[in-house]
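The next block holds one structure in the form of structure tokens; read it before the comments.
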Amino acid sequence: MTGRLGLTRRNALVLGAGAAATLVVPPVLTTEAMAQDGERHGMSGFGDLRYPADFKQFEYVNPSAPKGGLFSQIGSTRQFNQNFLTFNSLNSYIFRGDAALGMELTFATLMKPAGDEPDAMYGLAARAVRISSDGLTYRFLMRPEAKFHDGSRMTAHDVAYTLNLLKDKGHPIITQRMRDVSGAEATDDATVVVRFAAGRGRDVPLFVAALPIFSRAYYSKRPFDESTLDIPLGSGAYKVGKFETGRFIEYDRVKDWWGAELPVSVGHNNFDTVRYEFYRDRDVAFEGFSGRNYLFREEFTSRIWATRYNFPAIKDGRVKQDVLPDDTPSGAQGWFFNTRREKFKNRMLREALILAFDFEWTNKSIMYGSYDRTHSVFQNSNMMAAGKPGADELALLEPFRGKVPEEVFGEPFVPPVTDGSGQDRNLLRQASAILQKAGFVIKDGRRVLPNGERISIEFLIDEPSFQPHHMPYIKNLGTLGIDASLRIVDPAQYRRRVDDFDFDVTVQRFSFSTLPGDSLRTYFTSQAAALKGTQNLAGIADPVVDALVDKIIAAESRPALVTACKALDRVIRAGRYWVPHWYKASHWIAYWDMFGRPPTKPRYARGIPETWWYDRDRAAKTQRT
């Protein structure tokens with residue numbers, strides 16, 4: 001969801017997202033109802049809220065959850081410059097460095113998302129918000145009890161300072177998403193005014209409300225835009241504890257945290273310590289889990305899930321496994337072509353490369369049949385295009401007839417189903433014919449560009465566990481006369497090369513909330529294509545895509561937004577910008593049996609570790625066994 005800063009999931013072998021829970025949903029509160037006194041205790045993209053102003057806690061938490069104990073894990077989500085495999089910085093909001101996972105735990109935000117609503121947020125550091133009738137001015141009213149970890153009061157001046165600082169010097173993803181923020185100012189200690197440009201996306205105010213709040217006094221004495229291992233002054237439920245660069249980092253719960261009793265915090269932040277472990281190899285990481293070097297693991301490798309969860313602690317019940325369902329948009333994973341490079345500008349070449357991948361064989365032989373094929377950038381959601389476009393979609397697409405492939409007005413592109421042999425000769429013949437037609441002919445046994453240069457493709461990854469999925473595909477490309485190779489580099493070098501567009505093809509995994517809006521600009525638009533550190537790895541720079549993204553942002557209702565997303569999906573799929581991979585609508589989790597958890601999980605989040613707690617009785621039994 002948008003309030004979560006567009007967290008990206010691990011660009012590895014599977015998907016992860018929030019799971020579904022069966023809940024009885026009370027009538028929503030409309031914008032008009034909330035605006036009677038001019039103040040709103042929460043906000044959402046279209047003004048609907050599930051919880052009333054006097055709610056006590058979210059329904060999916062245990063308000064009596066005990067505090068204490070340790071939760072340790074390998075992280076499965078990252079923000080901005082954070083790195084899954086290592087870290088050398090504690091500043092996760094700038095372009096430089098590889099930041100530690102979890103740094104967001106140390107900062108309070110204006111509002112906090114509800115895990116059982118698609119895009120709603122409720123007051124944290126801000127007790128309420130006043131929104132102008134044109135939706136372009138937001139006045140956030142600060143809680144007087146909000147303070148930083150050094151005891152200094154958090155004021156509206158800190159918020160205004162932070163927003164202007166991030167807009168100017170933040171990570172490129174932040175600066176781009178804040179381009180419609182005209183500015184922020186504090187009218188007094190308790191009120192910060194945030195102004196937005198006309199036509200801003202519905203998700204932009206939610207993004208702003210989810211940004212960290214920095215101390216103006218702290219950063220007035222030190223540079224913000226530098227990579228550093230100095231522990232920053234925070235204001236959140238946790239603060240940085242022990243860490244070893246590139247190995248682990250711990251976050252210690254602030255025992256007297258000012259926000260602990262707020263409705264958005266009750267039942268959350270139950271562990272005394274949250275620890276992240278860093279491994280550069282998945283097999284080694286699994287050994288660490290089976291040896292109890294950390295306590296919770298979301299499994300991202302089907303081979304390991306299918307074959308290696310048979311160690312003694314599984315058999316005697318000390319380690320539990322579970323599968324959590326996922327109803328949220330699964331998004332897209334695949335090999336993305338860097339179309340900034342001349343050879344990948346040709347759509348027919350990209351289509352031929354898609355035909356050469358045998359998903360059915362890969363799924364059966366390497367991934368134990370665990371996955372379904374990804375088709376859409378909005379996979380597993382109602383925003384995914386299917387069938388021929390209806391009248392509402394056609395109304396959006398007709399102005400672009402002649403500017404997009406004709407297939408946009410018919411069935412959306414779906415990768416072909418192979419015969420599962422590993423080398424589907426029929427599809428490889430089709431791919432060869434497409435290449436020949438496009439001028440990529442065979443010369444001296446090798447496929448060449450129209451200028452006579454051999455076609456060579458380097459696949460770039462940052463860990464070896466994905467190597468088995470590449471090699472059969474590379475072999476098929478060789479059958480087409482294409483020189484393809486795999487390069488594995490260390491995580492820091494990988495991040496630099498991707499950020500600088502120094503790659504041919506790499507794996508990307510992304511997903512969107514149920515309210516995609518301005519976030520789409522960072523993945524698909526022309527402006528983002530030229531921005532270092534962008535999420536638009538493919539370099540998509542199509543005026544039609546830009547226009548449809550604007551249509552999504554301007555949507556006046558959820559149905560209109562869904563229609564525009566379907567239209568965008570058709571155009572992107574017709575562009576053949578990626579070789580679609582796979583997805584599954586669930587989380588595989590395993591954990592040492594030392595935790596308690598609520599009977600209901602939030603629909604749009606895992607709720608782990610946020611709503612879990614340390615169970616002393618279970619832990620004692622596990623340790624005795």
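Identifiers in this document derive from the order of the structure tokens: chains are assigned A, B, ..., residues are numbered from 1 separately in each chain, and ligands are numbered from 1 in order of occurrence.
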
I want to know what sits within 12 Å of stretch 464-466 of chain A, based on only C-alpha atoms, with residues of the same chain fewer than 5 positions away left out; could you give that as a short mmCIF file (atom, residue, chain, number, x, y, z; two decimals) with N, CA and C atoms, in the first residue's frame?
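Heads up, here's the output in result.cif:
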```cif
data_model
loop_
_atom_site.label_atom_id
_atom_site.label_comp_id
_atom_site.auth_asym_id
_atom_site.auth_seq_id
_atom_site.Cartn_x
_atom_site.Cartn_y
_atom_site.Cartn_z
N ASN A 11 14.02 -9.31 -4.92
CA ASN A 11 13.95 -9.65 -6.36
C ASN A 11 14.62 -10.99 -6.59
N ALA A 12 13.96 -12.03 -6.04
CA ALA A 12 14.57 -13.35 -6.05
C ALA A 12 13.66 -14.35 -6.73
N LEU A 13 13.33 -15.42 -6.06
CA LEU A 13 12.65 -16.51 -6.74
C LEU A 13 11.15 -16.50 -6.56
N VAL A 14 10.63 -15.76 -5.62
CA VAL A 14 9.19 -15.78 -5.40
C VAL A 14 8.69 -14.41 -5.08
N ARG A 280 25.28 -13.62 2.38
CA ARG A 280 25.43 -13.38 0.94
C ARG A 280 25.11 -14.62 0.11
N ASP A 281 24.76 -15.71 0.77
CA ASP A 281 24.43 -16.94 0.07
C ASP A 281 23.21 -17.56 0.74
N ARG A 282 22.20 -17.96 -0.05
CA ARG A 282 20.96 -18.48 0.51
C ARG A 282 21.14 -19.82 1.20
N ASP A 283 21.99 -20.66 0.64
CA ASP A 283 22.21 -21.95 1.28
C ASP A 283 22.87 -21.78 2.65
N VAL A 284 23.83 -20.90 2.72
CA VAL A 284 24.47 -20.62 4.01
C VAL A 284 23.45 -20.02 4.97
N ALA A 285 22.60 -19.15 4.46
CA ALA A 285 21.57 -18.54 5.29
C ALA A 285 20.62 -19.58 5.85
N PHE A 286 20.28 -20.57 5.04
CA PHE A 286 19.40 -21.63 5.54
C PHE A 286 20.09 -22.41 6.66
N PHE A 300 12.21 -18.17 0.29
CA PHE A 300 12.10 -17.65 -1.07
C PHE A 300 12.62 -18.63 -2.12
N THR A 301 13.04 -19.81 -1.70
CA THR A 301 13.60 -20.76 -2.63
C THR A 301 12.81 -22.06 -2.57
N SER A 302 12.15 -22.39 -3.68
CA SER A 302 11.29 -23.58 -3.69
C SER A 302 12.07 -24.86 -3.43
N ARG A 303 13.29 -24.93 -3.93
CA ARG A 303 14.10 -26.13 -3.71
C ARG A 303 14.33 -26.37 -2.23
N ILE A 304 14.64 -25.32 -1.52
CA ILE A 304 14.87 -25.46 -0.08
C ILE A 304 13.58 -25.81 0.65
N TRP A 335 13.02 -11.10 -16.03
CA TRP A 335 14.26 -10.54 -16.59
C TRP A 335 13.89 -9.27 -17.36
N THR A 362 11.22 -25.04 -16.27
CA THR A 362 11.87 -24.46 -15.10
C THR A 362 11.05 -24.69 -13.84
N ILE A 366 13.07 -27.27 -11.59
CA ILE A 366 13.89 -26.52 -10.63
C ILE A 366 13.06 -26.06 -9.43
N MET A 367 11.78 -25.77 -9.66
CA MET A 367 10.99 -25.13 -8.60
C MET A 367 9.83 -26.00 -8.10
N PHE A 459 23.65 -11.43 -18.35
CA PHE A 459 22.68 -11.41 -17.26
C PHE A 459 23.44 -11.08 -15.97
N MET A 471 20.76 -20.76 -16.41
CA MET A 471 21.56 -21.54 -17.34
C MET A 471 20.73 -22.22 -18.44
N PRO A 472 19.57 -22.82 -18.16
CA PRO A 472 18.80 -23.40 -19.27
C PRO A 472 18.33 -22.34 -20.27
N TYR A 473 18.00 -21.16 -19.75
CA TYR A 473 17.58 -20.07 -20.63
C TYR A 473 18.75 -19.62 -21.51
N LEU A 486 26.30 -15.26 -17.84
CA LEU A 486 25.83 -14.84 -16.52
C LEU A 486 26.99 -14.29 -15.73
N ARG A 487 26.79 -13.11 -15.16
CA ARG A 487 27.82 -12.53 -14.29
C ARG A 487 27.23 -12.33 -12.90
N ILE A 488 27.93 -12.88 -11.90
CA ILE A 488 27.54 -12.71 -10.50
C ILE A 488 28.54 -11.77 -9.85
N VAL A 489 28.06 -10.67 -9.31
CA VAL A 489 28.92 -9.68 -8.67
C VAL A 489 28.51 -9.51 -7.22
N ASP A 490 29.35 -8.87 -6.44
CA ASP A 490 29.00 -8.67 -5.03
C ASP A 490 27.87 -7.64 -4.92
N PRO A 491 27.14 -7.64 -3.81
CA PRO A 491 25.93 -6.80 -3.69
C PRO A 491 26.18 -5.32 -3.92
N THR A 506 18.65 -7.86 -16.11
CA THR A 506 18.72 -8.25 -14.70
C THR A 506 17.33 -8.57 -14.20
N VAL A 507 17.28 -9.23 -13.06
CA VAL A 507 16.01 -9.61 -12.47
C VAL A 507 15.48 -8.46 -11.64
#
```

Which residues are near A:Leu233? Cut-off 9 Å, only C-alpha atoms, ignore same chain within fewer than 5 positions. Put them as an MDAnalysis selection string. chainID A and resid 106:107 148:150 214:215 218 239

Coordinates-based distance that separates atom CA of A:Gly97 from atom CA of A:Ile249 (Å, one decimal):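 Separating atom CA of A:Ile249 from atom CA of A:Gly97 is a distance of 16.0 Å.
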
Enter the distance from atom CA of A:Gly199 to atom CA of A:Asp48, in Å, rounded to one decimal.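 So the answer is 20.2 Å.
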
I need the strand (DSSP E or B) residues of stretch 524-595 of chain A per DSSP on the backbone, written as a PyMOL selection string. chain A and resi 578-580+582-583+586-592+595

Atoms to include: all heavy atoms. Write the selected residues as a short mmCIF file (atom, residue, chain, number, x, y, z; two decimals), in the first residue's frame.
```
data_model
loop_
_atom_site.label_atom_id
_atom_site.label_comp_id
_atom_site.auth_asym_id
_atom_site.auth_seq_id
_atom_site.Cartn_x
_atom_site.Cartn_y
_atom_site.Cartn_z
N TRP A 578 10.07 -7.20 -20.76
CA TRP A 578 10.61 -8.13 -19.78
C TRP A 578 10.22 -9.56 -20.16
O TRP A 578 9.25 -9.77 -20.88
CB TRP A 578 10.11 -7.80 -18.38
CG TRP A 578 8.59 -7.70 -18.29
CD1 TRP A 578 7.76 -7.01 -19.11
CD2 TRP A 578 7.74 -8.33 -17.35
NE1 TRP A 578 6.44 -7.15 -18.73
CE2 TRP A 578 6.41 -7.96 -17.62
CE3 TRP A 578 7.97 -9.16 -16.25
CZ2 TRP A 578 5.31 -8.39 -16.89
CZ3 TRP A 578 6.87 -9.58 -15.50
CH2 TRP A 578 5.58 -9.20 -15.82
N VAL A 579 11.00 -10.49 -19.68
CA VAL A 579 10.65 -11.90 -19.80
C VAL A 579 9.94 -12.28 -18.50
O VAL A 579 10.57 -12.37 -17.45
CB VAL A 579 11.91 -12.79 -19.99
CG1 VAL A 579 11.49 -14.26 -20.11
CG2 VAL A 579 12.72 -12.35 -21.18
N PRO A 580 8.62 -12.47 -18.55
CA PRO A 580 7.89 -12.71 -17.30
C PRO A 580 8.33 -13.99 -16.59
O PRO A 580 8.54 -15.03 -17.23
CB PRO A 580 6.43 -12.81 -17.77
CG PRO A 580 6.39 -12.10 -19.08
CD PRO A 580 7.72 -12.37 -19.71
N TRP A 582 7.50 -15.72 -12.57
CA TRP A 582 6.51 -16.54 -11.88
C TRP A 582 6.08 -15.86 -10.59
O TRP A 582 6.71 -14.92 -10.11
CB TRP A 582 7.12 -17.91 -11.58
CG TRP A 582 8.50 -17.82 -11.01
CD1 TRP A 582 8.87 -17.62 -9.71
CD2 TRP A 582 9.74 -17.91 -11.75
NE1 TRP A 582 10.23 -17.58 -9.58
CE2 TRP A 582 10.79 -17.76 -10.81
CE3 TRP A 582 10.04 -18.12 -13.10
CZ2 TRP A 582 12.13 -17.81 -11.19
CZ3 TRP A 582 11.38 -18.16 -13.46
CH2 TRP A 582 12.41 -18.01 -12.52
N TYR A 583 5.01 -16.38 -10.01
CA TYR A 583 4.52 -15.86 -8.73
C TYR A 583 3.75 -16.96 -8.00
O TYR A 583 3.37 -17.98 -8.58
CB TYR A 583 3.61 -14.65 -8.94
CG TYR A 583 2.20 -14.99 -9.36
CD1 TYR A 583 1.17 -15.00 -8.43
CD2 TYR A 583 1.91 -15.34 -10.69
CE1 TYR A 583 -0.13 -15.34 -8.82
CE2 TYR A 583 0.62 -15.67 -11.07
CZ TYR A 583 -0.39 -15.67 -10.13
OH TYR A 583 -1.67 -16.01 -10.50
N SER A 586 1.09 -16.62 -1.88
CA SER A 586 1.24 -17.04 -0.50
C SER A 586 2.64 -16.71 0.00
O SER A 586 3.54 -16.43 -0.79
CB SER A 586 0.97 -18.55 -0.36
OG SER A 586 1.92 -19.28 -1.12
N HIS A 587 2.77 -16.75 1.32
CA HIS A 587 4.08 -16.65 1.96
C HIS A 587 4.43 -18.01 2.55
O HIS A 587 3.60 -18.63 3.23
CB HIS A 587 4.06 -15.66 3.13
CG HIS A 587 3.71 -14.26 2.79
ND1 HIS A 587 4.61 -13.38 2.24
CD2 HIS A 587 2.56 -13.57 2.93
CE1 HIS A 587 4.02 -12.22 2.06
NE2 HIS A 587 2.78 -12.31 2.47
N TRP A 588 5.65 -18.47 2.34
CA TRP A 588 6.16 -19.64 3.06
C TRP A 588 6.94 -19.12 4.26
O TRP A 588 7.92 -18.37 4.09
CB TRP A 588 7.11 -20.44 2.18
CG TRP A 588 6.46 -21.18 1.05
CD1 TRP A 588 5.20 -21.69 1.00
CD2 TRP A 588 7.08 -21.52 -0.19
NE1 TRP A 588 4.98 -22.32 -0.19
CE2 TRP A 588 6.11 -22.24 -0.95
CE3 TRP A 588 8.33 -21.30 -0.76
CZ2 TRP A 588 6.37 -22.73 -2.22
CZ3 TRP A 588 8.60 -21.78 -2.02
CH2 TRP A 588 7.63 -22.50 -2.75
N ILE A 589 6.55 -19.49 5.44
CA ILE A 589 7.29 -19.04 6.62
C ILE A 589 7.68 -20.23 7.50
O ILE A 589 7.00 -21.26 7.51
CB ILE A 589 6.49 -18.02 7.47
CG1 ILE A 589 5.24 -18.65 8.08
CG2 ILE A 589 6.14 -16.79 6.64
CD1 ILE A 589 4.56 -17.77 9.13
N ALA A 590 8.79 -20.09 8.19
CA ALA A 590 9.24 -21.07 9.17
C ALA A 590 9.81 -20.30 10.36
O ALA A 590 10.39 -19.22 10.19
CB ALA A 590 10.30 -21.99 8.56
N TYR A 591 9.63 -20.86 11.55
CA TYR A 591 10.08 -20.13 12.74
C TYR A 591 10.29 -21.09 13.90
O TYR A 591 9.61 -22.13 14.01
CB TYR A 591 9.06 -19.05 13.13
CG TYR A 591 7.65 -19.57 13.33
CD1 TYR A 591 7.19 -19.98 14.59
CD2 TYR A 591 6.78 -19.67 12.25
CE1 TYR A 591 5.91 -20.47 14.76
CE2 TYR A 591 5.49 -20.16 12.41
CZ TYR A 591 5.06 -20.55 13.66
OH TYR A 591 3.79 -21.05 13.82
N TRP A 592 11.27 -20.78 14.72
CA TRP A 592 11.45 -21.51 15.96
C TRP A 592 10.26 -21.20 16.86
O TRP A 592 9.85 -20.05 16.97
CB TRP A 592 12.78 -21.13 16.61
CG TRP A 592 13.94 -21.72 15.86
CD1 TRP A 592 14.54 -21.24 14.73
CD2 TRP A 592 14.61 -22.94 16.18
NE1 TRP A 592 15.54 -22.07 14.32
CE2 TRP A 592 15.62 -23.13 15.19
CE3 TRP A 592 14.48 -23.89 17.19
CZ2 TRP A 592 16.47 -24.24 15.20
CZ3 TRP A 592 15.32 -24.99 17.21
CH2 TRP A 592 16.30 -25.16 16.23
N PHE A 595 7.12 -17.99 19.66
CA PHE A 595 6.32 -16.79 19.45
C PHE A 595 4.83 -17.06 19.61
O PHE A 595 4.34 -18.16 19.40
CB PHE A 595 6.57 -16.23 18.04
CG PHE A 595 8.01 -16.01 17.71
CD1 PHE A 595 8.62 -16.69 16.67
CD2 PHE A 595 8.78 -15.13 18.46
CE1 PHE A 595 9.96 -16.50 16.36
CE2 PHE A 595 10.12 -14.93 18.17
CZ PHE A 595 10.71 -15.62 17.12
#
```

Pull the helix (DSSP H, G or I) assignments for stretch 93-220 of chain A out of DSSP run on the backbone, and list those residues as number ranges by chain. A: 103-106, 156-169, 172-177, 204-209, 216-219

I'd like the contact shell of A:Leu262 - 9 Å cut-off, only C-alpha atoms, skipping same-chain residues fewer than 3 positions apart - returned as a list in words.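 Contacts, in chain order: Lys56, Gln57, Gly123, Leu124, Trp258, Gly259, Ser265 and Val266 of chain A.
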
Go ahead and save the picked residues with N, CA, C and O atoms, as a short mmCIF file (atom, residue, chain, number, x, y, z; two decimals), in the first residue's frame.
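Result file follows (selection_10.cif):
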```cif
data_model
loop_
_atom_site.label_atom_id
_atom_site.label_comp_id
_atom_site.auth_asym_id
_atom_site.auth_seq_id
_atom_site.Cartn_x
_atom_site.Cartn_y
_atom_site.Cartn_z
N LYS A 56 -9.92 1.98 19.48
CA LYS A 56 -8.94 1.69 20.54
C LYS A 56 -7.70 0.99 20.01
O LYS A 56 -6.60 1.18 20.53
N GLN A 57 -7.89 0.12 19.01
CA GLN A 57 -6.77 -0.56 18.38
C GLN A 57 -7.26 -1.19 17.10
O GLN A 57 -8.46 -1.30 16.85
N GLY A 123 -3.53 8.62 12.56
CA GLY A 123 -2.56 9.50 13.18
C GLY A 123 -1.56 8.82 14.10
O GLY A 123 -1.93 8.03 14.96
N LEU A 124 -0.29 9.14 13.90
CA LEU A 124 0.79 8.74 14.81
C LEU A 124 1.39 10.00 15.40
O LEU A 124 0.90 10.49 16.41
N TRP A 258 6.91 7.37 23.55
CA TRP A 258 5.76 8.26 23.68
C TRP A 258 4.52 7.76 22.93
O TRP A 258 3.39 8.08 23.29
N GLY A 259 4.71 6.96 21.90
CA GLY A 259 3.57 6.54 21.07
C GLY A 259 3.01 5.17 21.41
O GLY A 259 2.11 4.68 20.72
N SER A 265 -0.68 1.92 17.74
CA SER A 265 0.49 1.21 18.27
C SER A 265 0.13 0.07 19.21
O SER A 265 0.96 -0.81 19.45
N VAL A 266 -1.08 0.08 19.76
CA VAL A 266 -1.47 -0.97 20.70
C VAL A 266 -1.34 -2.34 20.03
O VAL A 266 -1.78 -2.54 18.89
#
```

Residue neighbourhood A:Gly517, 6 Å, only C-alpha atoms, exclusion window fewer than 2 positions, as a PDB file with N, CA and C atoms, in the first residue's frame:
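File around24.pdb, as written:
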```
ATOM      1  N   GLY A 201      -0.994  12.966  -7.530  1.00  0.00           N
ATOM      2  CA  GLY A 201      -1.568  11.648  -7.383  1.00  0.00           C
ATOM      3  C   GLY A 201      -2.252  11.476  -6.043  1.00  0.00           C
ATOM      4  N   ASP A 203      -2.031   9.079  -4.121  1.00  0.00           N
ATOM      5  CA  ASP A 203      -1.163   8.425  -3.153  1.00  0.00           C
ATOM      6  C   ASP A 203      -0.050   9.327  -2.629  1.00  0.00           C
ATOM      7  N   SER A 519       3.332   6.451  -7.578  1.00  0.00           N
ATOM      8  CA  SER A 519       4.409   5.457  -7.532  1.00  0.00           C
ATOM      9  C   SER A 519       4.679   4.851  -8.903  1.00  0.00           C
ATOM     10  N   LEU A 520       3.673   4.806  -9.784  1.00  0.00           N
ATOM     11  CA  LEU A 520       3.869   4.249 -11.119  1.00  0.00           C
ATOM     12  C   LEU A 520       4.875   5.055 -11.931  1.00  0.00           C
ATOM     13  N   ILE A 553      -3.419   8.529 -12.147  1.00  0.00           N
ATOM     14  CA  ILE A 553      -3.249   9.486 -11.058  1.00  0.00           C
ATOM     15  C   ILE A 553      -4.475  10.390 -10.922  1.00  0.00           C
TER      16      ILE A 553
END
```

What's the 7 Å shell around stretch 127-131 of chain A, counting only C-alpha atoms, without same-chain residues fewer than 4 positions away, as a PyMOL selection string? chain A and resi 38-42+123+135+137-143

Would you kindly return, as JSON, numbers by chain, each protein, DNA or RNA residue with an atom no farther than 12 Å from any atom of stretch 320-323 of chain A, considering only C-alpha atoms and excluding same-chain residues fewer than 5 positions away? {"A": [16, 18, 19, 20, 290, 295, 296, 297, 298, 299, 305, 306, 309, 310, 311, 312, 313, 314, 315, 584, 585, 586, 587, 588, 589, 590, 591, 592, 593, 594, 595, 606, 618, 622]}

If we count only C-alpha atoms and set the cut-off at 12 Å, which residues sit around A:Arg597, ignoring sequence neighbours fewer than 3 positions away in its own chain? Please answer as an NGL selection string. :A and (60-66 or 267-268 or 270 or 593-594 or 600-602 or 606-615)

With N, CA, C and O atoms retained, write the just-selected residues as an mmCIF file, in the first residue's frame.
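In the end it all went to out-v1.cif:
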```
data_model
loop_
_atom_site.group_PDB
_atom_site.id
_atom_site.type_symbol
_atom_site.label_atom_id
_atom_site.label_comp_id
_atom_site.auth_asym_id
_atom_site.auth_seq_id
_atom_site.Cartn_x
_atom_site.Cartn_y
_atom_site.Cartn_z
ATOM 1 N N TYR A 60 -6.795 -6.594 14.161
ATOM 2 C CA TYR A 60 -5.948 -7.762 13.938
ATOM 3 C C TYR A 60 -4.812 -7.891 14.946
ATOM 4 O O TYR A 60 -3.899 -8.713 14.755
ATOM 5 N N VAL A 61 -4.817 -7.100 16.023
ATOM 6 C CA VAL A 61 -3.754 -7.172 17.020
ATOM 7 C C VAL A 61 -4.279 -7.791 18.308
ATOM 8 O O VAL A 61 -5.492 -7.863 18.543
ATOM 9 N N ASN A 62 -3.367 -8.225 19.142
ATOM 10 C CA ASN A 62 -3.675 -8.632 20.512
ATOM 11 C C ASN A 62 -3.284 -7.484 21.424
ATOM 12 O O ASN A 62 -2.093 -7.263 21.656
ATOM 13 N N PRO A 63 -4.264 -6.731 21.959
ATOM 14 C CA PRO A 63 -3.906 -5.567 22.770
ATOM 15 C C PRO A 63 -3.192 -5.930 24.066
ATOM 16 O O PRO A 63 -2.554 -5.075 24.683
ATOM 17 N N SER A 64 -3.284 -7.204 24.461
ATOM 18 C CA SER A 64 -2.633 -7.656 25.698
ATOM 19 C C SER A 64 -1.333 -8.395 25.426
ATOM 20 O O SER A 64 -0.803 -9.069 26.323
ATOM 21 N N ALA A 65 -0.820 -8.286 24.228
ATOM 22 C CA ALA A 65 0.416 -8.993 23.889
ATOM 23 C C ALA A 65 1.538 -8.589 24.839
ATOM 24 O O ALA A 65 1.761 -7.402 25.079
ATOM 25 N N PRO A 66 2.246 -9.553 25.405
ATOM 26 C CA PRO A 66 3.339 -9.209 26.325
ATOM 27 C C PRO A 66 4.530 -8.613 25.582
ATOM 28 O O PRO A 66 4.730 -8.864 24.401
ATOM 29 N N GLY A 267 -0.696 -3.263 20.708
ATOM 30 C CA GLY A 267 -0.508 -4.602 20.162
ATOM 31 C C GLY A 267 0.645 -4.733 19.194
ATOM 32 O O GLY A 267 0.896 -5.824 18.676
ATOM 33 N N HIS A 268 1.354 -3.646 18.933
ATOM 34 C CA HIS A 268 2.510 -3.643 18.034
ATOM 35 C C HIS A 268 3.807 -3.513 18.832
ATOM 36 O O HIS A 268 3.795 -3.217 20.022
ATOM 37 N N ASN A 270 6.237 -5.509 19.992
ATOM 38 C CA ASN A 270 6.210 -6.297 21.227
ATOM 39 C C ASN A 270 7.561 -6.869 21.630
ATOM 40 O O ASN A 270 7.725 -7.285 22.782
ATOM 41 N N ASP A 593 9.704 -22.227 17.470
ATOM 42 C CA ASP A 593 8.421 -22.107 18.171
ATOM 43 C C ASP A 593 8.588 -21.373 19.500
ATOM 44 O O ASP A 593 8.506 -21.958 20.593
ATOM 45 N N MET A 594 8.796 -20.068 19.370
ATOM 46 C CA MET A 594 9.024 -19.214 20.538
ATOM 47 C C MET A 594 8.111 -17.988 20.538
ATOM 48 O O MET A 594 8.303 -17.077 21.327
ATOM 49 N N THR A 600 -5.994 -13.504 13.944
ATOM 50 C CA THR A 600 -6.273 -12.896 12.645
ATOM 51 C C THR A 600 -5.076 -12.071 12.208
ATOM 52 O O THR A 600 -4.533 -11.298 12.993
ATOM 53 N N LYS A 601 -4.658 -12.240 10.963
ATOM 54 C CA LYS A 601 -3.573 -11.417 10.448
ATOM 55 C C LYS A 601 -4.143 -10.290 9.595
ATOM 56 O O LYS A 601 -5.253 -10.425 9.052
ATOM 57 N N PRO A 602 -3.437 -9.194 9.451
ATOM 58 C CA PRO A 602 -3.918 -8.112 8.594
ATOM 59 C C PRO A 602 -3.964 -8.552 7.133
ATOM 60 O O PRO A 602 -3.060 -9.245 6.653
ATOM 61 N N ARG A 606 1.910 -8.919 6.236
ATOM 62 C CA ARG A 606 2.208 -10.153 6.972
ATOM 63 C C ARG A 606 1.896 -9.990 8.456
ATOM 64 O O ARG A 606 1.505 -10.924 9.124
ATOM 65 N N GLY A 607 2.155 -8.775 8.962
ATOM 66 C CA GLY A 607 2.007 -8.556 10.397
ATOM 67 C C GLY A 607 3.142 -9.140 11.209
ATOM 68 O O GLY A 607 3.033 -9.288 12.431
ATOM 69 N N ILE A 608 4.251 -9.444 10.543
ATOM 70 C CA ILE A 608 5.403 -10.064 11.194
ATOM 71 C C ILE A 608 6.629 -9.185 10.986
ATOM 72 O O ILE A 608 6.950 -8.855 9.843
ATOM 73 N N PRO A 609 7.307 -8.798 12.051
ATOM 74 C CA PRO A 609 7.085 -9.122 13.465
ATOM 75 C C PRO A 609 6.154 -8.152 14.193
ATOM 76 O O PRO A 609 6.002 -8.260 15.407
ATOM 77 N N GLU A 610 5.537 -7.229 13.482
ATOM 78 C CA GLU A 610 4.841 -6.112 14.129
ATOM 79 C C GLU A 610 3.812 -6.559 15.163
ATOM 80 O O GLU A 610 3.674 -5.940 16.219
ATOM 81 N N THR A 611 3.050 -7.616 14.859
ATOM 82 C CA THR A 611 1.960 -8.017 15.757
ATOM 83 C C THR A 611 2.250 -9.311 16.512
ATOM 84 O O THR A 611 1.427 -9.763 17.310
ATOM 85 N N TRP A 612 3.384 -9.951 16.262
ATOM 86 C CA TRP A 612 3.759 -11.152 17.003
ATOM 87 C C TRP A 612 4.391 -10.757 18.341
ATOM 88 O O TRP A 612 4.701 -9.578 18.577
ATOM 89 N N TRP A 613 4.577 -11.745 19.205
ATOM 90 C CA TRP A 613 5.219 -11.480 20.488
ATOM 91 C C TRP A 613 6.014 -12.702 20.933
ATOM 92 O O TRP A 613 5.818 -13.809 20.432
ATOM 93 N N TYR A 614 6.907 -12.469 21.878
ATOM 94 C CA TYR A 614 7.744 -13.525 22.446
ATOM 95 C C TYR A 614 6.944 -14.262 23.508
ATOM 96 O O TYR A 614 6.436 -13.661 24.457
ATOM 97 N N ASP A 615 6.807 -15.589 23.333
ATOM 98 C CA ASP A 615 6.055 -16.422 24.266
ATOM 99 C C ASP A 615 7.050 -17.158 25.155
ATOM 100 O O ASP A 615 7.729 -18.097 24.717
#
```

Restricting the calculation to only C-alpha atoms: of A:Ala391, A:Val404, A:Ile572, A:Ala356, which residue gets closest to A:Gln430? A:Ala356

Would you please work out which residue, of A:Ser227, A:Thr418, A:Thr86, A:Thr525, is nearest to A:Gly539 when using only C-alpha atoms?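 The shortest atom-to-atom distance to A:Gly539 comes from A:Thr525.
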